Every structure is written in C-alpha cells, then in structure tokens.
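Student: Enclosed is the structure file coords-v1.txt (compact mmCIF, C-alpha atoms).
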```txt
# COMPACT_ATOMS: atom_id res chain seq x y z
CA MET A 1272 131.65 79.91 69.82
CA THR A 1273 132.78 77.79 72.79
CA ASN A 1274 129.72 75.93 73.97
CA LEU A 1275 128.99 76.15 77.66
CA SER A 1276 127.84 72.89 79.18
CA VAL A 1277 124.74 72.80 81.38
CA LYS A 1278 127.05 72.48 84.40
CA GLU A 1279 129.10 75.51 83.33
CA LYS A 1280 125.99 77.63 82.82
CA ASP A 1281 124.81 76.63 86.31
CA LEU A 1282 128.23 77.57 87.70
CA VAL A 1283 128.11 80.97 85.99
CA ARG A 1284 124.59 81.65 87.22
CA SER A 1285 125.25 80.56 90.82
CA PHE A 1286 128.59 82.39 91.04
CA PHE A 1287 126.94 85.51 89.61
CA THR A 1288 124.22 85.29 92.26
CA GLN A 1289 126.94 85.13 94.93
CA VAL A 1290 128.66 88.27 93.60
CA SER A 1291 125.52 90.19 92.65
CA GLY A 1292 125.62 92.37 95.75
CA LYS A 1293 128.98 93.82 94.72
CA LEU A 1294 128.41 94.42 90.99
CA ASP A 1295 129.05 98.16 91.16
CA GLU A 1296 132.39 97.67 92.91
CA ILE A 1297 133.39 94.86 90.54
CA GLY A 1298 132.62 97.05 87.53
CA HIS A 1299 134.49 100.02 88.98
CA GLN A 1300 137.54 97.94 89.84
CA ALA A 1301 137.60 96.11 86.50
CA LEU A 1302 137.30 99.31 84.48
CA SER A 1303 139.92 101.08 86.64
CA ARG A 1304 142.35 98.24 86.06
CA MET A 1305 141.67 98.16 82.33
CA LEU A 1306 142.42 101.89 82.03
CA THR A 1307 145.54 101.62 84.22
CA VAL A 1308 147.05 98.34 82.99
CA TYR A 1309 146.15 98.80 79.30
CA PRO A 1310 146.44 102.56 78.76
CA GLN A 1311 145.56 102.31 75.07
CA THR A 1312 141.97 101.64 76.19
CA LYS A 1313 141.79 105.23 77.45
CA THR A 1314 141.48 106.34 73.83
CA TYR A 1315 137.81 105.38 73.94
CA PHE A 1316 137.08 107.74 76.82
CA SER A 1317 138.62 111.02 75.69
CA HIS A 1318 135.23 112.63 76.30
CA TRP A 1319 135.42 112.02 80.05
CA LYS A 1320 136.69 114.74 82.35
CA ASP A 1321 138.38 112.30 84.68
CA LEU A 1322 139.70 108.79 83.97
CA THR A 1323 141.30 108.12 87.32
CA PRO A 1324 140.13 105.18 89.46
CA GLY A 1325 137.49 106.37 91.90
CA SER A 1326 136.26 109.18 89.65
CA GLU A 1327 132.57 109.59 88.92
CA PRO A 1328 132.68 108.67 85.21
CA VAL A 1329 134.71 105.51 85.94
CA ARG A 1330 132.35 104.39 88.71
CA LYS A 1331 129.27 105.10 86.63
CA HIS A 1332 130.58 103.29 83.59
CA GLY A 1333 131.78 100.31 85.64
CA LYS A 1334 128.20 99.94 86.86
CA THR A 1335 126.88 100.14 83.28
CA ILE A 1336 129.26 97.44 82.13
CA MET A 1337 128.27 95.01 84.88
CA GLU A 1338 124.59 95.65 84.16
CA GLY A 1339 125.39 94.46 80.65
CA VAL A 1340 127.16 91.38 82.00
CA LYS A 1341 124.14 90.68 84.23
CA GLU A 1342 121.91 90.87 81.15
CA ALA A 1343 124.23 88.39 79.48
CA VAL A 1344 123.92 85.96 82.41
CA ASN A 1345 120.13 86.20 82.10
CA THR A 1346 120.30 85.32 78.41
CA ILE A 1347 123.09 82.78 78.73
CA ASP A 1348 121.19 80.22 76.66
CA ASP A 1349 121.26 82.45 73.56
CA LEU A 1350 123.83 85.19 73.91
CA PRO A 1351 123.79 86.50 70.30
CA ALA A 1352 120.00 86.98 70.51
CA GLY A 1353 120.10 88.35 74.03
CA LEU A 1354 122.88 90.83 73.30
CA VAL A 1355 121.84 91.95 69.80
CA ASN A 1356 121.13 95.53 70.92
CA LEU A 1357 124.42 95.79 72.79
CA SER A 1358 126.22 94.32 69.79
CA GLU A 1359 124.70 96.94 67.50
CA LEU A 1360 125.65 99.66 69.97
CA HIS A 1361 129.29 98.51 70.10
CA ALA A 1362 129.48 97.89 66.34
CA TYR A 1363 127.82 100.98 64.90
CA THR A 1364 127.99 103.64 67.59
CA LEU A 1365 130.87 102.91 69.94
CA ARG A 1366 133.01 101.03 67.41
CA VAL A 1367 135.21 99.52 70.10
CA ASP A 1368 137.83 97.24 68.57
CA PRO A 1369 136.77 93.74 69.65
CA SER A 1370 140.27 92.93 70.89
CA ASN A 1371 139.44 95.12 73.88
CA PHE A 1372 136.67 92.77 75.02
CA LYS A 1373 139.32 90.21 75.88
CA ILE A 1374 141.26 92.81 77.84
CA LEU A 1375 138.22 93.82 79.89
CA SER A 1376 137.29 90.15 80.41
CA HIS A 1377 140.72 89.50 81.90
CA CYS A 1378 140.34 92.49 84.24
CA ILE A 1379 136.90 91.28 85.34
CA LEU A 1380 138.37 87.86 86.14
CA VAL A 1381 141.24 89.44 88.12
CA VAL A 1382 138.75 91.46 90.19
CA LEU A 1383 136.42 88.49 90.76
CA SER A 1384 139.35 86.35 91.93
CA MET A 1385 140.52 89.12 94.28
CA MET A 1386 137.12 89.88 95.77
CA PHE A 1387 135.86 86.29 96.02
CA PRO A 1388 138.98 84.15 96.51
CA GLY A 1389 137.14 81.26 98.17
CA ASP A 1390 134.42 81.03 95.53
CA PHE A 1391 136.66 81.55 92.50
CA THR A 1392 137.56 77.89 92.11
CA PRO A 1393 139.29 76.54 88.97
CA GLU A 1394 135.90 75.25 87.77
CA VAL A 1395 134.36 78.71 88.22
CA HIS A 1396 137.43 80.27 86.54
CA VAL A 1397 137.09 78.20 83.37
CA ALA A 1398 133.29 78.62 83.26
CA MET A 1399 133.54 82.41 83.68
CA ASP A 1400 136.38 82.66 81.14
CA LYS A 1401 134.32 80.70 78.59
CA PHE A 1402 131.24 82.76 79.40
CA LEU A 1403 133.03 86.10 78.96
CA THR A 1404 134.61 84.80 75.72
CA ASN A 1405 131.12 84.01 74.46
CA VAL A 1406 129.85 87.43 75.57
CA ALA A 1407 132.68 89.03 73.59
CA LEU A 1408 131.85 86.96 70.52
CA ALA A 1409 128.16 87.85 70.81
CA LEU A 1410 129.08 91.55 71.10
CA SER A 1411 131.22 91.21 67.96
CA GLU A 1412 128.35 89.67 65.94
CA LYS A 1413 127.15 92.88 64.32
CA TYR A 1414 130.58 94.25 63.46
CA ARG A 1415 130.72 92.93 59.92
CA MET B 338 150.41 72.00 61.50
CA ARG B 339 153.13 69.71 62.75
CA LEU B 340 152.56 68.35 66.22
CA VAL B 341 155.36 67.00 68.30
CA SER B 342 155.35 65.07 71.51
CA HIS B 343 157.17 66.32 74.56
CA ARG B 344 159.99 64.01 73.56
CA GLY B 345 160.38 65.82 70.26
CA GLY B 346 159.04 63.09 68.00
CA GLU B 347 156.25 63.82 65.56
CA ILE B 348 152.84 62.57 66.66
CA ARG B 349 149.70 61.99 64.67
CA PRO B 350 147.04 64.15 66.23
CA THR B 351 143.93 62.46 67.51
CA ARG B 352 140.65 64.02 66.52
CA SER B 353 140.26 65.53 69.98
CA VAL B 354 143.71 67.14 69.80
CA ARG B 355 142.95 68.53 66.31
CA ALA B 356 139.64 69.86 67.58
CA ARG B 357 141.32 71.56 70.52
CA VAL B 358 144.02 73.08 68.34
CA ALA B 359 141.41 74.31 65.85
CA LEU B 360 139.41 75.82 68.69
CA ALA B 361 142.48 77.61 69.99
CA ALA B 362 143.12 79.01 66.52
CA ARG B 363 139.51 80.20 66.21
CA LEU B 364 139.68 81.89 69.61
CA SER B 365 142.97 83.60 68.77
CA LEU B 366 141.59 84.83 65.45
CA SER B 367 138.40 86.28 66.84
CA LEU B 368 139.96 87.86 69.91
CA SER B 369 143.36 89.15 68.94
CA HIS B 370 145.90 89.32 71.71
CA THR B 371 146.75 92.98 71.56
CA HIS B 372 147.50 93.01 75.24
CA THR B 373 150.87 91.41 74.58
CA HIS B 374 151.77 94.19 72.15
CA THR B 375 150.59 97.25 73.95
CA HIS B 376 153.92 98.59 75.08
CA THR B 377 156.58 100.01 72.80
CA HIS B 378 159.18 98.12 74.76
CA CYS B 379 157.88 94.87 73.29
CA ALA B 380 159.05 95.83 69.79
CA GLY B 381 162.34 94.63 68.29
CA SER B 382 165.08 96.14 70.44
CA MET B 383 163.39 95.43 73.77
CA VAL B 384 165.01 98.32 75.56
CA VAL B 385 163.01 98.53 78.72
CA ASP B 386 162.46 101.58 80.88
CA TRP B 387 161.46 100.85 84.42
CA THR B 388 160.34 103.60 86.74
CA GLU B 389 161.34 103.23 90.37
CA ALA B 390 157.69 102.68 91.25
CA GLU B 391 157.47 99.85 88.73
CA ARG B 392 160.59 98.17 90.05
CA ARG B 393 159.25 98.43 93.58
CA ALA B 394 155.88 97.04 92.53
CA VAL B 395 157.37 93.97 90.84
CA THR B 396 159.66 93.28 93.82
CA TYR B 397 156.75 93.88 96.19
CA VAL B 398 154.62 91.27 94.44
CA TRP B 399 157.52 88.82 94.30
CA GLU B 400 158.27 89.14 98.00
CA LYS B 401 154.62 88.73 98.94
CA ILE B 402 153.97 85.50 97.10
CA ASP B 403 154.95 81.96 98.01
CA ILE B 404 156.18 80.51 94.73
CA ASP B 405 155.66 76.98 96.00
CA VAL B 406 151.94 77.77 96.27
CA ILE B 407 151.49 80.14 93.32
CA GLY B 408 153.48 78.05 90.84
CA PRO B 409 151.44 74.84 91.18
CA GLN B 410 148.15 76.78 91.18
CA ALA B 411 149.07 78.78 88.08
CA VAL B 412 150.13 75.76 86.04
CA ALA B 413 147.04 73.83 87.21
CA SER B 414 144.90 76.81 86.17
CA VAL B 415 146.32 77.01 82.68
CA LEU B 416 145.73 73.27 82.16
CA ILE B 417 142.14 73.61 83.43
CA VAL B 418 141.10 76.92 81.89
CA TYR B 419 142.86 76.36 78.54
CA PRO B 420 142.80 72.58 78.21
CA TRP B 421 144.59 72.54 74.85
CA THR B 422 147.74 73.40 76.79
CA GLN B 423 147.63 69.83 78.08
CA ARG B 424 149.15 68.80 74.76
CA TYR B 425 152.59 69.53 76.17
CA PHE B 426 152.21 67.40 79.29
CA GLY B 427 151.65 63.89 78.01
CA ALA B 428 154.35 62.60 80.39
CA PHE B 429 152.69 64.03 83.49
CA GLY B 430 150.34 61.12 84.14
CA ASN B 431 146.71 61.73 84.95
CA ILE B 432 145.57 65.22 83.92
CA SER B 433 142.17 64.10 82.68
CA SER B 434 140.02 65.98 85.20
CA VAL B 435 140.14 69.09 87.38
CA SER B 436 140.75 67.03 90.53
CA ALA B 437 143.44 64.96 88.78
CA ILE B 438 145.23 68.13 87.66
CA LEU B 439 145.00 69.73 91.11
CA SER B 440 146.45 66.66 92.83
CA ASN B 441 149.05 65.76 90.21
CA PRO B 442 152.56 65.97 91.74
CA LYS B 443 154.26 66.55 88.36
CA VAL B 444 152.00 69.51 87.66
CA ALA B 445 152.89 70.94 91.07
CA ALA B 446 156.61 70.31 90.52
CA HIS B 447 156.45 72.01 87.15
CA GLY B 448 154.72 75.00 88.71
CA LYS B 449 157.69 75.44 91.03
CA VAL B 450 160.11 75.15 88.09
CA VAL B 451 158.23 77.86 86.19
CA LEU B 452 158.06 80.28 89.11
CA ASN B 453 161.70 79.74 90.00
CA ALA B 454 162.55 80.63 86.41
CA LEU B 455 160.36 83.73 86.71
CA GLY B 456 162.48 84.67 89.71
CA LEU B 457 165.48 84.95 87.37
CA ALA B 458 163.65 87.69 85.52
CA VAL B 459 162.79 89.48 88.79
CA LYS B 460 166.49 89.48 89.68
CA ASN B 461 167.51 90.65 86.19
CA MET B 462 164.79 93.12 85.28
CA ASP B 463 167.15 95.15 83.12
CA ASN B 464 168.28 92.19 81.11
CA ILE B 465 165.37 89.81 80.76
CA LYS B 466 166.03 89.25 77.08
CA ALA B 467 169.53 87.87 77.67
CA THR B 468 168.47 86.02 80.82
CA TYR B 469 165.89 84.03 78.86
CA ALA B 470 167.73 83.50 75.58
CA LYS B 471 168.53 79.85 76.34
CA LEU B 472 165.07 79.18 77.81
CA SER B 473 163.48 80.66 74.72
CA GLU B 474 165.51 78.43 72.45
CA PHE B 475 164.64 75.46 74.65
CA HIS B 476 160.89 76.17 74.46
CA SER B 477 161.11 76.65 70.72
CA GLU B 478 163.44 73.86 69.67
CA LYS B 479 163.06 71.17 72.28
CA VAL B 480 159.60 71.55 73.77
CA ASN B 481 157.98 73.13 70.67
CA VAL B 482 155.58 75.26 72.70
CA ASP B 483 153.38 77.69 70.76
CA PRO B 484 154.42 81.04 72.30
CA ASP B 485 150.77 82.02 72.57
CA ASN B 486 150.69 79.66 75.54
CA PHE B 487 153.12 81.91 77.45
CA ARG B 488 150.50 84.65 77.38
CA LEU B 489 147.83 82.24 78.67
CA LEU B 490 150.10 81.14 81.52
CA ALA B 491 150.97 84.77 82.30
CA ASP B 492 147.26 85.60 82.61
CA CYS B 493 146.75 82.63 84.95
CA ILE B 494 149.77 83.64 87.08
CA THR B 495 148.27 87.13 87.41
CA ILE B 496 144.86 85.80 88.40
CA VAL B 497 146.28 83.36 90.96
CA ILE B 498 148.38 86.18 92.45
CA ALA B 499 145.31 88.44 92.55
CA THR B 500 143.40 85.72 94.39
CA LYS B 501 146.13 85.54 97.03
CA LEU B 502 146.97 89.22 97.40
CA GLY B 503 143.45 90.68 97.19
CA SER B 504 143.55 94.39 97.99
CA ASP B 505 147.36 94.22 98.12
CA PHE B 506 147.23 94.04 94.31
CA PRO B 507 145.93 97.51 93.37
CA PRO B 508 145.67 98.71 89.75
CA ASP B 509 149.09 100.39 89.60
CA VAL B 510 150.80 97.27 90.96
CA GLN B 511 148.88 95.13 88.47
CA ALA B 512 150.06 97.47 85.70
CA ALA B 513 153.73 97.06 86.63
CA TRP B 514 153.33 93.31 87.07
CA HIS B 515 151.59 93.05 83.69
CA LYS B 516 154.36 95.04 82.02
CA PHE B 517 156.90 92.69 83.61
CA LEU B 518 155.11 89.54 82.43
CA ASP B 519 154.65 91.08 78.98
CA ILE B 520 158.43 91.43 78.71
CA VAL B 521 158.97 87.90 80.01
CA VAL B 522 156.55 86.55 77.39
CA SER B 523 158.29 88.56 74.65
CA ALA B 524 161.71 87.34 75.74
CA LEU B 525 160.55 83.72 75.74
CA SER B 526 159.06 84.17 72.29
CA ARG B 527 162.15 85.85 70.91
CA GLU B 528 164.26 82.89 69.77
CA TYR B 529 161.46 81.35 67.73
CA HIS B 530 161.99 81.31 63.99
```
Can the structure in the file be given as structure tokens, please?
Tutor:
Amino acid sequence: MTNLSVKEKDLVRSFFTQVSGKLDEIGHQALSRMLTVYPQTKTYFSHWKDLTPGSEPVRKHGKTIMEGVKEAVNTIDDLPAGLVNLSELHAYTLRVDPSNFKILSHCILVVLSMMFPGDFTPEVHVAMDKFLTNVALALSEKYR
Amino acid sequence: MRLVSHRGGEIRPTRSVRARVALAARLSLSLSHTHTHTHTHCAGSMVVDWTEAERRAVTYVWEKIDIDVIGPQAVASVLIVYPWTQRYFGAFGNISSVSAILSNPKVAAHGKVVLNALGLAVKNMDNIKATYAKLSEFHSEKVNVDPDNFRLLADCITIVIATKLGSDFPPDVQAAWHKFLDIVVSALSREYH
C-alpha cells in the first residue's frame, strides 16, 4: 500500500472539494471512456440495455462510482476499513477482476485533467494517482 | 535484479533505489497491466488494422498538439508521478523535487526527443514495428529500460494531451489514441530478450 503523506491527503481532499460540483459528469465521462477505450470492460455490463456514452445506465452508474470515490475521500485515513463493504461487494457479488480498477482509475484521471486543467497540477496528479491506487488495493482486500 | 546506470555500467543500488524498485514490483503485481494487452493486434504478429476513423483520430490529435509543450510536460509527469522512473536519468542534473523536474532543461529536451520519435510512428502507422526496431533494441541493450515504463509514459502522454485538448479529446478519439500508443509500447518492447 503506497502511503499517502499528510500533504498528499490534503491535496486529494482540497482537489476533491473543488471538483465536487461536477461529480456526476466526471463519473459519466470516466465510465464512458472506460467502456469505449477498453471494450473488454463491457463484459461486466451485459445486463444493461444500452452501453453507449450518454445513455441512462451509463450516467447512473457513473454517479454511483463517484459516490464511492467520495466515500473513499472521506475515509482516506483508513481506506481498507472505510471501504470494507464495497470491497465485499466487488469480491463476492460483482467479482470484477481487480486489474480493471487500474483501468477505471486512469480514465478518472484523464477526465479530471480535461475538466480541471488549471487545478490538475503535477502534485495533484501524483496524489490522485496514489489515492486511486490505494482505493483499488482497498477494494481488492476481500478478494482472497 | 541487475541495475545499470545510464552509461551501461552496473551500479550497486542504494536502499532508496531498491525500495522504489520493490514498490514498483508490488504495484505491478497487485494491479496487473491488462490495458496493454487488450487488443489482439498486440499479440505476436502485430498485424494492425486501422479504420479510417482511427487514422483520422490519431492524425487529428497529432496536429492539435504542440510537441514542444506536450513532450516536456509528459516526461516531467512520469518522473513526478512514478518517481522510480528517475533511475534512468542520473545524468540529468537536479530532479530531486517537483519544481526541479519542471524547470530542468534536460528533462524538457528529452521530452522533445520522445515526442519527435512518436511522430515517426504517426507517419508510419502501418509499420510501427519496423519503424521502432532499432529504438527498441537501443532501449533494451543500451539504456536498459524496463518496458513497463513505456506504459507509464504512455499514460502520462495521454493525460497531458487530455489536459490540453479538453473536450476536443472525446472517448472515441481517446480510444484510437490509446490503441496507437498500445502498439507503440508493444513495438518498443519487442526487441527485448
């Protein structure tokens, strides 16, 4: 687990506050890009009627994902404890291969850099990348 | 693991270098990099099919970016976001802090070198493998770069481009650009043995 410094946690929290008004759009964009750029991820959504960007299931699920990320920011000091329920969900029910967390993390970073170019400094980039890596690891905790 | 300096001589790793390398290994193990192996065209023969839309998208991105701006920012990013990559740049002078990296002229110069080389692939999209054969050998034999680093740099290039292009970088363009970089990374990794 890459340890986030106090400064990095502050950066993550303050950047997240700056972007918090656009969470739904960030989630929608990130999920749309994941499904488009990495088509193998569509295999997890065969139960949706419509996987195209802009569709209702994609928008709704993008929002759900970012609500999870927001929860992670709120429990940034102990992510495995804070995300234990989400980890169990992903491990036992959804059974998403953990390699996909990295893919979605990359898409979230792409969207954040596009939507907030002035605020997405190199320091914010590394802090967010470390944070999302830790979120992925915490989500993988219950897998085995 | 054998570590070599940029000049090709073996170096004894300091504890901080060993720690960084071990961290990189742990990160790679826990989060496998499937997104470099998602396309069938990355397997052995590397026959690549480009749709017209994909060709247009790659050219569109290339024509929109200023490689003298993107190159330096992308290389600076990879050194900042994935600091273990600094192991290859001992001769670059001061890269000990974010501000040092961002103002380092050798980092900036190297960024331009990298993006100019990427331009070769843009001009030879149907023959990236052959175009990069010598560069691949160079990275393997002379510079001894772990090919995993190519993927890290590719991700940083994409993010820096996204920052600049904003809404001019929609999902389908990102998909074509990602496919292109995937092939570039594969071609650069090809001559390793």
Student: Using only C-alpha atoms, which protein or nucleic acid residues come within 6 Å of segment 502-514 of chain B? Drop anything in the same chain fewer than 4 positions from it, and give the result as a VMD selection string.
Tutor: (chain A and resid 1304 1308 1385) or (chain B and resid 391 394 to 395 498)
Student: Counting all atoms listed in the file, figure out which residue out of B:Leu472, B:Ala411, B:Leu457, B:Arg392 gets nearest to chain A.
Tutor: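 Distance minimum relative to chain A lands on B:Ala411.
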Student: What residues in chain A have any atom no more than 7 Å from chain B when counting all atoms listed in the file, and can you write them as a ChimeraX atom specification?
Tutor: /A:1303-1304,1307-1308,1369-1370,1373-1374,1381,1384-1386,1388,1393,1396-1397
Student: Hey, can you spit out that residue selection with C-alpha atoms as a JSON list (two decimals), in the coordinates of the input?
Tutor:
```json
[["chain", "number", "residue", "atom", "x", "y", "z"],
["A", 1303, "SER", "CA", 139.92, 101.08, 86.64],
["A", 1304, "ARG", "CA", 142.35, 98.24, 86.06],
["A", 1307, "THR", "CA", 145.54, 101.62, 84.22],
["A", 1308, "VAL", "CA", 147.05, 98.34, 82.99],
["A", 1369, "PRO", "CA", 136.77, 93.74, 69.65],
["A", 1370, "SER", "CA", 140.27, 92.93, 70.89],
["A", 1373, "LYS", "CA", 139.32, 90.21, 75.88],
["A", 1374, "ILE", "CA", 141.26, 92.81, 77.84],
["A", 1381, "VAL", "CA", 141.24, 89.44, 88.12],
["A", 1384, "SER", "CA", 139.35, 86.35, 91.93],
["A", 1385, "MET", "CA", 140.52, 89.12, 94.28],
["A", 1386, "MET", "CA", 137.12, 89.88, 95.77],
["A", 1388, "PRO", "CA", 138.98, 84.15, 96.51],
["A", 1393, "PRO", "CA", 139.29, 76.54, 88.97],
["A", 1396, "HIS", "CA", 137.43, 80.27, 86.54],
["A", 1397, "VAL", "CA", 137.09, 78.20, 83.37]]
```
Student: List as a ChimeraX atom specification: which residues have an atom within 9 Å of (123.6, 90.6, 73.9), counting only C-alpha atoms?
Tutor: /A:1339-1340,1342-1343,1346,1349-1358,1406,1409-1410
Student: List the neighbours of Lys1278 of chain A out to 12 Å using only C-alpha atoms; skip same-chain residues closer than 6 positions along the sequence, and give me the result as a list in words.
Tutor: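 After dropping sequence-adjacent residues, the list is Arg1284, Ser1285, Glu1394, Val1395, Val1397, Ala1398 and Met1399 of chain A.
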Student: Looking at all atoms listed in the file, which of B:Ser526, B:Gln423, B:Thr388, B:Ser434 is the one that sits closest to Asp483 of chain B?
Tutor: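 Checking each of B:Ser526, B:Gln423, B:Thr388, B:Ser434 against Asp483 of chain B, counting all atoms listed in the file, the winner is B:Ser526.
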Student: Report, in Å to a single decimal, how far apart atom CA of Ser1411 of chain A and atom CA of Leu1294 of chain A are.
Tutor: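 Interatomic distance here is 23.4 Å.
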Student: So what do you get for atom CA of Asn1405 of chain A versus atom CA of Cys1378 of chain A, distance-wise?
Tutor: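 Atom CA of Cys1378 of chain A lies 15.9 Å from atom CA of Asn1405 of chain A.
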Student: Given all atoms listed in the file as the basis, pick out the residue of B:Trp399, B:Trp387, B:Phe475, B:Phe426 nearest to Val412 of chain B.
Tutor: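 Result for the nearest residue to Val412 of chain B: B:Phe426.
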Student: Quote the spacing between atom CA of His447 of chain B and atom CA of Val521 of chain B in Å to one decimal place.
Tutor: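 If I compute the distance from atom CA of His447 of chain B to atom CA of Val521 of chain B, I get 17.6 Å.
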Student: Got a sec: who's within 7 Å of Arg527 of chain B, counting only C-alpha atoms, leaving out chain neighbours fewer than 3 positions off, as a list in words?
Tutor: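 Result of the neighbour search: Ser473, Ser523 and Ala524 of chain B.
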Student: Between A:Lys1401, A:Asn1345, A:His1299, A:His1377, which is the closest to Ile494 of chain B once you count all atoms listed in the file?
Tutor: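 Using all atoms listed in the file, the shortest distance to Ile494 of chain B belongs to A:His1377.
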Student: So, with all atoms listed in the file as the atoms that count, which of A:Tyr1309, A:Ala1362, A:Ile1379, A:Phe1402 lies closest to Asp1281 of chain A?
Tutor: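 Once distances to Asp1281 of chain A are computed over all atoms listed in the file, the minimum belongs to A:Phe1402.
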Student: Using all atoms listed in the file, can you list as a PDB file with C-alpha atoms, in the coordinates of the input the residues within 7 Å of (153.1, 74.3, 91.3)?
Tutor:
```
ATOM      1  CA  ASP B 405     155.660  76.980  96.000  1.00  0.00           C
ATOM      2  CA  VAL B 406     151.940  77.770  96.270  1.00  0.00           C
ATOM      3  CA  ILE B 407     151.490  80.140  93.320  1.00  0.00           C
ATOM      4  CA  GLY B 408     153.480  78.050  90.840  1.00  0.00           C
ATOM      5  CA  PRO B 409     151.440  74.840  91.180  1.00  0.00           C
ATOM      6  CA  GLN B 410     148.150  76.780  91.180  1.00  0.00           C
ATOM      7  CA  ALA B 411     149.070  78.780  88.080  1.00  0.00           C
ATOM      8  CA  VAL B 412     150.130  75.760  86.040  1.00  0.00           C
ATOM      9  CA  VAL B 444     152.000  69.510  87.660  1.00  0.00           C
ATOM     10  CA  ALA B 445     152.890  70.940  91.070  1.00  0.00           C
ATOM     11  CA  ALA B 446     156.610  70.310  90.520  1.00  0.00           C
ATOM     12  CA  HIS B 447     156.450  72.010  87.150  1.00  0.00           C
ATOM     13  CA  GLY B 448     154.720  75.000  88.710  1.00  0.00           C
ATOM     14  CA  LYS B 449     157.690  75.440  91.030  1.00  0.00           C
TER      15      LYS B 449
END
```
Student: Have a look at B:Val398, B:Asp519, B:His530, B:Lys443 and name the one nearest to Ala428 of chain B; count all atoms listed in the file.
Tutor: B:Lys443
